[in-house]
Each structure stands twice: as C-alpha cells, then as structure tokens.
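Asker: My structure is below; once you've seen it, I'll send some questions.
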Amino acid sequence: MTQITLANLAPGQRGTVSGYAQDDAFTQRLMQLGLVEGADIEVVRCAPTGDPIEVRVLGYALSLRRVEAALIFIAPSA
Amino acid sequence: MNAPVTTRRPVVVTIGNPNTGKSTLFNALTGLSQRVGNFPGVTVEHVVGRLLLAGGEVDVVDLPGTYSLSAQSPDEMVTVDVLLGRVGAVGRPDVVLLIVDATNLRRNLFLASQVLEIGLPVVIALNMTDLLDTQGITLDLDRLATALGVPLVPIAAARGSGLEPLRAALSSAIASGQPSPLLVNPALFATAQTLSSELAARGVDAAPAEVERALIDDAGYAERRLIERAGEEVRAQLQMLRHTLAQGRSLATLEARDRYSWINTVVSAVERREARNPGWREALDRYLNHPVYGSIAFLFAMALVFQSVFAWATPMMTLIETGAGALGELVRGSMPAGLLRSFIIDGVIAGVGSVVVFLPQIVLLFAFIIALEDSGYMSRAAFVVDRLMRWCGLSGQSFIPMLSSFACAVPGIMGTRVIGNPRDRLATILAAPFMTCSARLPIYALLIAAFVPANRYLGGLVNLQGLVLLGFYLLGMVGAIFTAFLINRLAFSGPRSRFLLEMPPYRLPQLRSVAVKLLARVRIFLKRAGTMIFAVALVIWALASFPRGTADDGVTSVAPAIADSYLGRMSRTVEPVFAPLGWDWKVTAAVIASFPAREVVIAVLGTLYAVEDADAEGEQRLIDRIREARHPGGDPVFTLPMVIGLMVFYALCLQCISTLAVIRRETNSWRWPVIAWLYMTGLGYVGALLCFHVGSLL
C-alpha cells in the first residue's frame with residue numbers, strides 16, 4: 001500500500017502526521033511549526049487553482065504547496 | 001576579560017513569531033523614536049527605539065519575526081547573533097522581551113522555549129489576551145508563568161492595555177538580571193556545554209547555546225560559523241556527538257519532538273478551550289478564498305492598489321513637478337544669470353524634485369501594503385495567486401511588488417520585504433525593473449507618435465500605435481519572466497522556492513500602527529535612496545554645465561553648448577560604441593544624460609535639437625526636428641528600425657538611478673545593483689542592435 005500524504009487529503013479531511021519522506025532543513029522547519037509526529041492536521045481548503053492548500057494545525061492556519069504537502073505522511077484519523 | 005565600565009543604556013531585544021502583534025507592541029512602547037538600520041552583510045533590518053522606564057531610558061531593538069532560532073541563512077542567523085551578544089551595534093542584550101500570542105500558545109511556545117534556554121533574563125508579553133474570551137479560551141496565567149519560570153505580563157498591544165505592568169516588569173528584570181532556568185533537553189545542553197568548554201580551552205569563544213544550535217541544525221548556519229572560527233576538526237566532532245545523541249535520527253527532529261511534548265504538558269495544564277461558533281473571521285475566509293468570490297475580491301484589491309499608485313498618485317506627482325518648475329522660474333526671475341543660478345535651478349531644485357516626486361507613489365503603495373498585511377489579507381492574496389506567479393518563476397508574495405512596478409519599480413522593490421524566501425525576493429527585485437513603469441511612457445509616447453503610422457485595423461477598433469505600445473508592455477513582462485527564470489536556474493543564493501505561509505486571523509488594521517510603519521519607510525527612502533539620487537542628478541548637471549564658455553563680450557562666463565560640455569565630449573568619445581545601433585553622438589548624449597532617469601531623455605533631446613518649450617507644441621516641434629536629423633553622410637538618424645531599437649533599449653535597460661539606489665538599499669550590497677545594471681544594459685544594447693540591423697535589412 002502506498003503511503004498517504006497530506007497532498008492526498010481533500011478539504012475537510014483530517015489526519016495525524018506520521019512521518020516525513022525526507023529529513024532536511026525544510027521538513028525540519030515544518031516540524032518547528034508544529035507538524036511533529038502525532039500532531040492532528042486538517043485540510044481546510046485549496047486555492048482557486050487547486051494549489052496551494054491551507055491546513056489547520058495546533059489551532060492555526062498554514063498554507064503550503066502540494067509538492068511540499070506530499071512530503072508529509074499522514075495516518076488517517078479514526 | 002575585565003568587564004568594561006560602560007555608561008551605555010540597557011538594551012531590550014524584542015523577539016516573537018510573525019503576526020503576534022510584535023511591531024504593534026514595539027510601536028506602542030517606543031512611539032516615534034525609531035531608527036531603522038541594516039545589520040552588516042545581510043538584508044535584515046533592525047529597528048531601534050527608546051523606552052523610558054523607572055530606572056532611566058533603555059534602547060529597544062526589534063528583531064524580525066521568526067518561528068525558530070534554527071538558522072538556514074545569514075538573515076536568520078542575525079537573530080541568534082543578537083541574542084548571543086555578537087552584534088557590535090547592539091551589544092549584549094540586558095533583557096529579552098518575548099512576545100507570545102495567547103490565542104496561539106502551542107506554536108508560539110516553540111520559539112519561546114528556545115529563547116528561554118539562551119540564558120538571558122526574559123520577560124514574556126502575553127499578547128492578544130483581549131481575544132481569549134471571544135475564542136472560548138481560558139488560561140491559568142499564574143500556572144503558565146510558573147511553568148515558564150519568568151515574569152509574564154498579559155497585554156493587548158492593539159488596545160494599549162497592560163503596557164504599564166510590562167514596563168515595570170522590564171525595569172525589574174533589568175535590575176535583577178536573573179536568567180530563565182528552563183532546560184527542555186538537559187542531556188543535549190550538557191553535551192553542548194562540554195564542547196563549549198573544550199573550545200574555550202582552545203581559545204575559541206562559543207557560548208553553549210551557540211554550540212547547541214550548531215549541533216541541532218546539521219549543515220545550518222550556526223554550524224558553518226562555528227567551523228569558520230574553530231576549524232574543520234569541529235565538523236567531525238559535531239558529527240560524532242550528533243550520532244551519539246540522536247541515534248540515527250536528526251537532532252532537529254528530536255528537538256521538535258521534545259519541545260512539543262514539553263509544550264503539550266504545559267498547555268494542557270493551563271489552557272481550556274470551549275467549542276465556539278466559527279464567527280465572522282471563518283465566514284470571511286470562506287468568501288475570500290472561494291474560487292469565484294475570492295478571485296473577484298483579489299482582483300478588486302489589486303485594482304485598488306494599481307489605481308492608487310498609477311492614477312491617484314499622478315496628480316500629486318504633477319503638482320510636485322509643477323511646483324519644482326514654478327520654484328525654478330521664481331529663482332530665474334530673481335537671480336542674475338550665471339553659474340549659481342543654473343546650479344540652484346537645474347542642479348538643486350531639479351535634483352530634490354526628482355527625489356520628492358516618488359513620495360506620492362511610495363506613500364500610497366505602502367499605506368495599502370501595510371494595511372493589507374496588518375489585516376491578514378496579504379497572506380490570502382498570495383495564497384490565491386501563488387500558482388500563476390510560480391509559473392512565472394516567482395511566488396504569490398511577488399504579486400504586489402510586480403504589479404506596482406507597472407507604475408514605478410522603486411516602491412515595488414521596497415515592497416519585496418514581504419517575501420519570505422530569499423531567492424524569490426531576489427528574483428522579484430531583479431525582475432521588477434523590467435515592468436513598464438510610468439517613466440518609460442513619455443519616451444514610448446513621443447517616439448511612437450513620431451514614427452509609427454497610425455494605421456487602423458478591424459474597422460478602426462485597433463490602432464497600430466496602440467499595438468506597438470502594448471508590444472512594449474509585453475516585452476517588459478517577458479523580460480521580467482525571463483529574469484526570474486534565469487535566477488531560479490542559476491540559483492544564486494538561498495534554498496529553492498518554498499511557499500510556507502501562515503494565514504493569520506483577520507484583524508482590523510490600526511491607523512496609528514500603519515502610520516508609524518509608513519513613516520519609517522518614507523524616512524528610509526529619503527535618507528538612503530534620496531541622497532544618492534540627488535548626488536547623481538548633480539553630477540549630470542555638472543557634466544552638462546562645464547567647462548564654462550565665454551559670452552560674446554569675451555568676459556562673462558556662460559553655460560557651454562551641449563556639444564562643447566563634458567557631456568558632449570564624452571558622448572563623442574563613446575559614440576563608436578553606440579554607432580552599431582544607428583545612434584549619433586546626440587542620441588548617445590541624451591542616453592548618457594538620462595542615466596539618472598529615463599524620462600530625462602526627452603528633455604535632453606529637446607535641448608540638443610534646440611527646442612525650447614516642452615509643451616504640446618514644443619513636443620510637435622521636437623518630433624519635426626528629430627525627423628530631420630541626419631548622419632554626417634546625409635542618411636536620416638531616426639529611421640524606424642533605429643527608433644524601435646531605441647525604445648527596446650529603454651524597455652530593457654536600467655537607466656534609473658532611483659531603482660539602482662533602492663536595489664542597493666534592499667539587498668544591502670553593491671553587488672546586485674551593479675549586476676542588474678550590467679545585465680539590463682547589456683540586454684538593451686543587444687535588443688537595440690538586433691532591431692536596427694534586422695529592421696534595416698527588411
């Protein structure tokens with residue numbers, strides 16, 4: 001089974017951060033912003049063109065591009 | 001080292017996440033006493049203000065908003081350097097004023113926990129406490145203060161409440177000098193401490209907090225700096241320690257995990273959240289990010305910005321220009337002719353005028369940019385348009401700077417400060433001068449009217465002159481996109497383009513806060529760019545006014561004919577360089593004289609072809625004269641290929657000292673203005689050459 005990433009979630013869907021496709025300065029910055037393993041995350045909406053996406057994490061809103069969202073592995077919420 | 005006896009004022013450094021009301025608090029504390037400066041070698045600004053406390057005046061240094069002390073670029077490293085007391089201009093901070101958004105406690109506490117471990121006295125200003133109630137959040141402030149181990153003052157900076165207790169807390173923190181005791185990961189800190197003392201024994205002064213950052217941020221800036229100072233062997237040492245501490249994972253991952261688990265423990269003990277209705281902010285967001293309504297709102301907002309810099313600023317700019325002209329006439333009437341009068345009218349008044357004329361655009365554009373940022377809409381606008389801008393090699397945040405560059409690249413480049421990614425910012429700075437600014441319009445208007453036939457097509461709906469003008473607008477955009485593409489390909493500096501943007505909650509912009517920030521921008525422009533623009537205007541005046549000639553009486557000194565001035569002599573010397581473009585020395589002289597500002601070329605051509613007034617009739621006479629201009633061999637100078645080439649040159653070149661001055665100011669180095677000038681002038685030359693030769697063949 002292929003790994004689900006944040007880019008696979010549709011607006012309104014939630015999940016839990018379960019890991020990263022790589023470990024570099026960028027994903028470390030995401031972790032510093034609260035996207036650590038176990039954090040709840042929800043896709044709120046997409047931009048009119050479908051990209052970037054807006055997510056809600058730790059109670060605040062963050063936007064990022066789909067290519068970047070695809071680096072974040074997600075475990076779907078029960 | 002002996003502690004030097006200093007009489008300097010104590011230094012308070014403010015730090016916090018972006019969008020926490022940090023600059024609002026800074027403005028409320030320091031008022032208009034602010035000075036903006038650049039740190040050496042980086043593009044980051046520091047703002048310093050004065051604050052009067054019970055114990056006397058202190059300097060408050062406002063650091064740029066940041067989410068983490070992890071530094072991947074020199075710009076981010078400045079924050080760490082200031083906290084460690086490594087920046088000479090600031091010195092060792094006496095107290096760190098840490099701003100924490102009470103409504104966004106978890107993420108804010110990440111940076112807070114890093115700052116608390118530096119070992120400096122810290123006072124926390126817990127901001128936005130007025131919004132807790134409406135968002136259904138209850139906080140146990142005493143428990144939070146105990147958990148953080150430092151004084152914590154609830155405030156609402158936008159309303160100005162809580163400032164008195166905050167000042168009192170800062171006073172006593174300066175007096176006591178008590179550092180915060182927090183350590184989230186004692187084992188990591190102990191390792192850093194051991195290495196720090198080892199380095200000290202080798203004569204390398206590196207604080208434990210600095211070594212800790214070098215350890216955590218593998219290949220980050222703190223490590224690079226430590227290796228520079230302590231030598232290559234430190235690299236291996238750091239790598240070994242990382243291996244022992246992290247056991248296969250990155251220390252940065254562990255740091256984030258440790259800090260957030262500490263944060264979860266703290267916050268779950270002090271915070272209660274009740275579910276509340278989403279409220280107007282959420283509803284507004286649904287509309288402003290909606291595919292249809294959101295796009296309409298975006299277009300409306302951008303039309304407003306464009307309208308303001310293009311249309312509303314024009315009457316004021318005309319007023320300034322007319323005013324400068326009238327002042328010049330006044331002086332002309334009340335002074336005897338001579339060098340001094342020429343210096344005052346054509347040097348000083350014209351020079352000052354060429355600086356002040358930018359103010360209406362800068363004031364209007366920045367009023368909008370600051371208000372849009374403070375309201376939280378700027379992030380939404382960037383979100384909506386990011387895809388389109390990325391296709392052009394830029395980012396969503398480049399949009400407003402690029403749009404306003406249609407009016408003038410100067411406010412546009414100053415507006416690139418909103419762009420977080422350094423490479424996107426550089427690409428935008430270098431692409432912006434290609435956009436067809438209002439200074440190019442008079443050149444296009446004159447030359448198109450003179451040389452492009454007014455053929456009409458599609459039953460008069462489309463005019464060839466209009467099409468050519470449109471073509472030059474498109475040429476500018478193509479130049480901009482090509483430049484952005486080039487920057488991304490060559491990847492001069494910084495990490496690849498990322499879009500990671502917080503969407504802050506909507507807030508009503510505060511008039512006072514907008515006004516204070518606006519004033520700071522205007523001051524920077526006048527001081528940094530203005531002096532340079534003025535100086536170059538004087539140099540060009542001098543080149544055109546010397547050496548002095550002699551009047552018919554053989555005694556009185558008069559202004560030289562342009563042909564005899566230094567400018568004319570220079571032009572004839574370099575004429576061969578521009579001869580392949582079909583230019584004679586007069587055109588060359590006009591182009592050189594328009595180095596400070598493109599639009600000057602019209603006035604110089606007017607002088608060269610002996611046309612006195614620049615009114616509508618004068619313009620017609622100028623058109624007639626340049627049509628008659630001949631090369632020594634008798635061929636006309638202004639042929640259609642040469643004219644199109646001349647316009648292409650002005651479309652692509654960087655004949656604008658103001659833009660150069662602003663690039664210098666915004667990149668904090670001479671490197672980029674020089675590169676931009678060579679690159680754009682080179683493109684312009686090649687473009688004009690191609691037009692002239694290909695056109696002449698047809």
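Identifiers for the structure tokens are assigned positionally: chains receive A, B, ... in sequence, residues are indexed from 1 per chain, and ligands are indexed from 1 in the order shown.
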List the spatial neighbours of Glu68 in chain A as a list in words - criterion: any atom at most 9 Å away, only C-alpha atoms, same-chain residues fewer than 4 positions off excluded.

Answerer: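 Result of the neighbour search: Leu6, Ala7, Phe26, Thr27, Leu64 and Ile72 of chain A; Arg498, Phe499 and Leu500 of chain B.
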
Asker: As a ChimeraX atom specification, please: all residues of chain A that backbone DSSP puts in strand (DSSP E or B).

Answerer: /A:5,14-20,40-46,53-57,60-64,72-76

Asker: Between chain B and chain A, at 6 Å or less, what are the per-residue closest atom pairs and their distances in Å? Count only C-alpha atoms, order by chain and rising residue number, and return it as a tab-separated table.

Answerer:
```
residue	atom	partner	partner_atom	distance
B:Ala256	CA	A:Gln32	CA	5.6
B:Pro291	CA	A:Pro48	CA	4.2
B:Val384	CA	A:Ala47	CA	5.3
B:Phe499	CA	A:Leu64	CA	5.4
B:Leu500	CA	A:Leu64	CA	4.8
B:Leu501	CA	A:Ser63	CA	5.2
B:Glu502	CA	A:Leu62	CA	4.3
B:Met503	CA	A:Ala61	CA	5.2
```

Asker: Generate the output file for the selected residues, C-alpha atoms, as a tab-separated table (two decimals), in the first residue's frame.

Answerer:
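Result file part27.tsv:
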```tsv
chain	number	residue	atom	x	y	z
B	256	ALA	CA	10.93	19.46	17.68
B	291	PRO	CA	-12.82	30.21	-6.27
B	384	VAL	CA	-4.84	32.85	-4.31
B	499	PHE	CA	5.67	28.54	-0.06
B	500	LEU	CA	5.08	28.15	3.64
B	501	LEU	CA	2.88	30.91	4.85
B	502	GLU	CA	0.88	31.39	7.99
B	503	MET	CA	-2.66	32.62	7.38
```

Asker: With only C-alpha atoms as the counted atoms, please give the residues lying no more than 8 Å from Gly353 in chain B, apart from itself and same-chain residues fewer than 3 positions off, as a PyMOL selection string.

Answerer: chain B and resi 320-321+324+349-350+356-357

Asker: Would you export the selected residues with N, CA and C atoms as a PDB file, in the first residue's frame, please?

Answerer:
```pdb
ATOM      1  N   ILE B 320       3.952  68.205  -7.745  1.00  0.00           N
ATOM      2  CA  ILE B 320       5.340  68.356  -7.287  1.00  0.00           C
ATOM      3  C   ILE B 320       6.213  68.852  -8.430  1.00  0.00           C
ATOM      4  N   GLU B 321       6.018  68.246  -9.620  1.00  0.00           N
ATOM      5  CA  GLU B 321       6.825  68.666 -10.761  1.00  0.00           C
ATOM      6  C   GLU B 321       6.542  70.117 -11.140  1.00  0.00           C
ATOM      7  N   ALA B 324       8.092  72.354  -8.555  1.00  0.00           N
ATOM      8  CA  ALA B 324       9.542  72.489  -8.724  1.00  0.00           C
ATOM      9  C   ALA B 324       9.841  73.415  -9.897  1.00  0.00           C
ATOM     10  N   ILE B 349      17.231  72.321  -7.322  1.00  0.00           N
ATOM     11  CA  ILE B 349      15.767  72.197  -7.340  1.00  0.00           C
ATOM     12  C   ILE B 349      15.355  70.976  -8.154  1.00  0.00           C
ATOM     13  N   ALA B 350      15.968  70.804  -9.330  1.00  0.00           N
ATOM     14  CA  ALA B 350      15.623  69.643 -10.160  1.00  0.00           C
ATOM     15  C   ALA B 350      16.010  68.344  -9.444  1.00  0.00           C
ATOM     16  N   VAL B 356      11.702  63.854  -4.455  1.00  0.00           N
ATOM     17  CA  VAL B 356      10.395  64.041  -3.823  1.00  0.00           C
ATOM     18  C   VAL B 356       9.266  63.517  -4.700  1.00  0.00           C
ATOM     19  N   VAL B 357       9.482  63.518  -6.029  1.00  0.00           N
ATOM     20  CA  VAL B 357       8.422  63.131  -6.944  1.00  0.00           C
ATOM     21  C   VAL B 357       7.977  61.686  -6.717  1.00  0.00           C
TER      22      VAL B 357
END
```

Asker: So the first atom is CA of Asp130 in chain B and the second is CA of Val60 in chain B; what is the distance between them in Å, to one decimal place?

Answerer: 24.6 Å

Asker: Determine which residues of range 366-594 of chain B DSSP labels as alpha helix (DSSP H) from the backbone of this structure, then write them out as an MDAnalysis selection string.

Answerer: chainID B and resid 366:375 377:391 399:404 409:414 422:431 441:451 464:490 511:524 531:545 566:578 585:593

Asker: Hey, can you check how far CA of Ala688 in chain B sits from CA of Ile448 in chain B?

Answerer: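 Separation between CA of Ala688 in chain B and CA of Ile448 in chain B: 15.6 Å.
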
Asker: Need to verify the contact set: Val348 in chain B, 10 Å, only C-alpha atoms, exclusion of same-chain residues closer than 2 positions in sequence. Can you return it as a compact mmCIF listing (two decimals) with C-alpha atoms, in the first residue's frame?

Answerer:
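As written to disk, out_37.txt reads:
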```txt
# COMPACT_ATOMS: atom_id res chain seq x y z
CA GLY B 328 12.79 77.30 -10.63
CA ARG B 341 21.51 80.31 -10.80
CA SER B 342 21.99 77.33 -13.08
CA PHE B 343 23.25 75.30 -10.10
CA ILE B 344 20.22 76.19 -7.97
CA ILE B 345 17.61 75.68 -10.70
CA ASP B 346 18.95 72.78 -12.78
CA ALA B 350 15.62 69.64 -10.16
CA GLY B 351 17.61 67.15 -8.05
CA VAL B 352 15.43 67.50 -4.95
CA GLY B 353 12.37 67.40 -7.17
CA SER B 354 13.48 64.10 -8.72
CA PHE B 534 20.27 63.79 -5.60
CA ALA B 535 24.04 63.32 -5.88
CA ALA B 537 21.46 64.46 -10.56
CA LEU B 538 24.12 67.00 -9.52
CA TRP B 541 24.13 68.76 -14.18
```

Asker: Do a neighbour search on Arg273 in chain B at 9 Å with only C-alpha atoms, toss out local chain neighbours closer than 2 positions, and write the hits as a PDB file with N, CA and C atoms, in the first residue's frame.

Answerer:
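Final output, saved to selection29.pdb:
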```pdb
ATOM      1  N   GLN B 135     -12.796  33.742  21.714  1.00  0.00           N
ATOM      2  CA  GLN B 135     -12.433  32.469  21.099  1.00  0.00           C
ATOM      3  C   GLN B 135     -12.668  31.288  22.033  1.00  0.00           C
ATOM      4  N   GLY B 136     -13.254  31.563  23.215  1.00  0.00           N
ATOM      5  CA  GLY B 136     -13.585  30.488  24.136  1.00  0.00           C
ATOM      6  C   GLY B 136     -12.379  29.859  24.807  1.00  0.00           C
ATOM      7  N   ILE B 137     -11.301  30.659  24.984  1.00  0.00           N
ATOM      8  CA  ILE B 137     -10.086  30.124  25.602  1.00  0.00           C
ATOM      9  C   ILE B 137      -9.949  30.690  27.026  1.00  0.00           C
ATOM     10  N   THR B 138      -9.669  29.805  27.970  1.00  0.00           N
ATOM     11  CA  THR B 138      -9.367  30.248  29.330  1.00  0.00           C
ATOM     12  C   THR B 138      -7.946  29.826  29.659  1.00  0.00           C
ATOM     13  N   LEU B 139      -7.165  30.766  30.198  1.00  0.00           N
ATOM     14  CA  LEU B 139      -5.781  30.451  30.533  1.00  0.00           C
ATOM     15  C   LEU B 139      -5.539  30.659  32.014  1.00  0.00           C
ATOM     16  N   GLU B 271      -4.516  25.543  29.729  1.00  0.00           N
ATOM     17  CA  GLU B 271      -5.466  26.058  28.740  1.00  0.00           C
ATOM     18  C   GLU B 271      -6.735  25.231  28.685  1.00  0.00           C
ATOM     19  N   ALA B 275     -15.664  24.871  22.568  1.00  0.00           N
ATOM     20  CA  ALA B 275     -16.025  24.995  21.158  1.00  0.00           C
ATOM     21  C   ALA B 275     -16.878  26.244  20.995  1.00  0.00           C
ATOM     22  N   ARG B 276     -16.512  27.077  20.035  1.00  0.00           N
ATOM     23  CA  ARG B 276     -17.276  28.295  19.757  1.00  0.00           C
ATOM     24  C   ARG B 276     -17.710  28.285  18.307  1.00  0.00           C
TER      25      ARG B 276
END
```
